[in-house]
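Undergrad: To start, I am sharing the structure in question, which I have written as structure tokens.
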Amino acid sequence: MKIAVTAKGRELTSETDPRFGRCRFFLIVDPKTKEFEAVENGSAMAMGGAGPQASQTISRLGVNVLITGNVGPNAFEALKASGIRVLTGATGTVEESIGKYERGELVEIQDPSVGSHSGMREGTR
């Protein structure tokens with residue numbers, strides 16, 4: 001199994017990024033061994049379509065579960081189509097978010113958790 005956690009940095013001690021499509025990195029973690037790989041999110045600065053592009057990235061990496069803060073509608077549909085489970089409400093470090101996942105403290109969503117363009121910084125729309 002592979003878990004992707006949205007992150008602001010390249011380490012397990014990095015803060016979890018609450019944004020999916022525009023996070024800086026995905027940490028791809030094996031929950032059993034805690035081995036991980038940091039993958040830069042190439043769609044973070046995209047003019048549009050960041051969520052679906054990010055969904056394609058983690059799908060190509062063979063991810064089964066996404067842990068993040070929030071997911072918008074276009075990204076959610078792309079993740080759902082790829083069969084990736086989406087858990088939201090992650091805060092703290094990546095390591096802490098993995099622990100919350102293991103303890104069943106994160107919420108698996110069945111619908112987007114935010115509206116379109118919510119992850120964009122003011123002035124980038």
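Chain labels run A, B, ... following the order of the structure tokens; each chain numbers its residues from 1, and ligands are numbered from 1 in the order shown.
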Taking the DSSP secondary structure from the backbone, can you list the residues of range 34-72 of chain A that are alpha helix (DSSP H), as an MDAnalysis selection string?
TA: chainID A and resid 50:60
Undergrad: Can you tell me, as a PyMOL selection string, what residues are no more than 7 Å from range 62-75 of chain A when counting only C-alpha atoms, ignoring any on the same chain fewer than 3 positions away?
TA: chain A and resi 1-6+17-20+51-52+55+58-59+78-79+84-91+112-116
Undergrad: Which residue, A:Thr33, A:Thr93, A:Gln110, A:Gln56, has the smallest gap to Lys8 in chain A when you use only C-alpha atoms?
TA: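 Answer, going by the shortest atom-to-atom distance: A:Thr93.
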Undergrad: To test your reading of the structure, identify every residue in chain A that backbone DSSP assigns to strand (DSSP E), and report it as a PyMOL selection string.
TA: chain A and resi 3-7+25-29+36-40+65-67+85-88+107-108
Undergrad: Glu11 in chain A: which residues within 10 Å, counting only C-alpha atoms, same-chain residues fewer than 5 positions away excluded, as an MDAnalysis selection string?
TA: chainID A and resid 25 27 36:38 93:95
Undergrad: So that I have them on file, write out the residues from the current selection with N, CA and C atoms, as a compact mmCIF listing (two decimals), in the first residue's frame.
TA:
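That gives us selection.txt:
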# COMPACT_ATOMS: atom_id res chain seq x y z
N PHE A 25 4.83 19.43 -2.09
CA PHE A 25 5.33 18.07 -2.25
C PHE A 25 4.27 17.05 -1.88
N LEU A 27 4.53 13.38 -0.09
CA LEU A 27 5.38 12.36 0.50
C LEU A 27 4.66 11.04 0.32
N PHE A 36 9.83 6.36 2.70
CA PHE A 36 9.08 7.37 1.96
C PHE A 36 9.92 7.96 0.85
N GLU A 37 9.22 8.60 -0.07
CA GLU A 37 9.83 9.30 -1.19
C GLU A 37 9.14 10.65 -1.30
N ALA A 38 9.90 11.72 -1.45
CA ALA A 38 9.34 13.05 -1.67
C ALA A 38 9.24 13.30 -3.16
N THR A 93 2.59 17.51 11.45
CA THR A 93 3.62 17.01 10.54
C THR A 93 3.08 15.83 9.72
N VAL A 94 3.81 15.48 8.69
CA VAL A 94 3.44 14.30 7.89
C VAL A 94 3.41 13.06 8.78
N GLU A 95 4.42 12.93 9.63
CA GLU A 95 4.50 11.80 10.55
C GLU A 95 3.27 11.73 11.46
Undergrad: Using only C-alpha atoms, determine which residues lie at most 8 Å from Ser43 in chain A, disregarding the query and same-chain residues fewer than 5 positions distant; provide the list as a count of residues only.
TA: 7
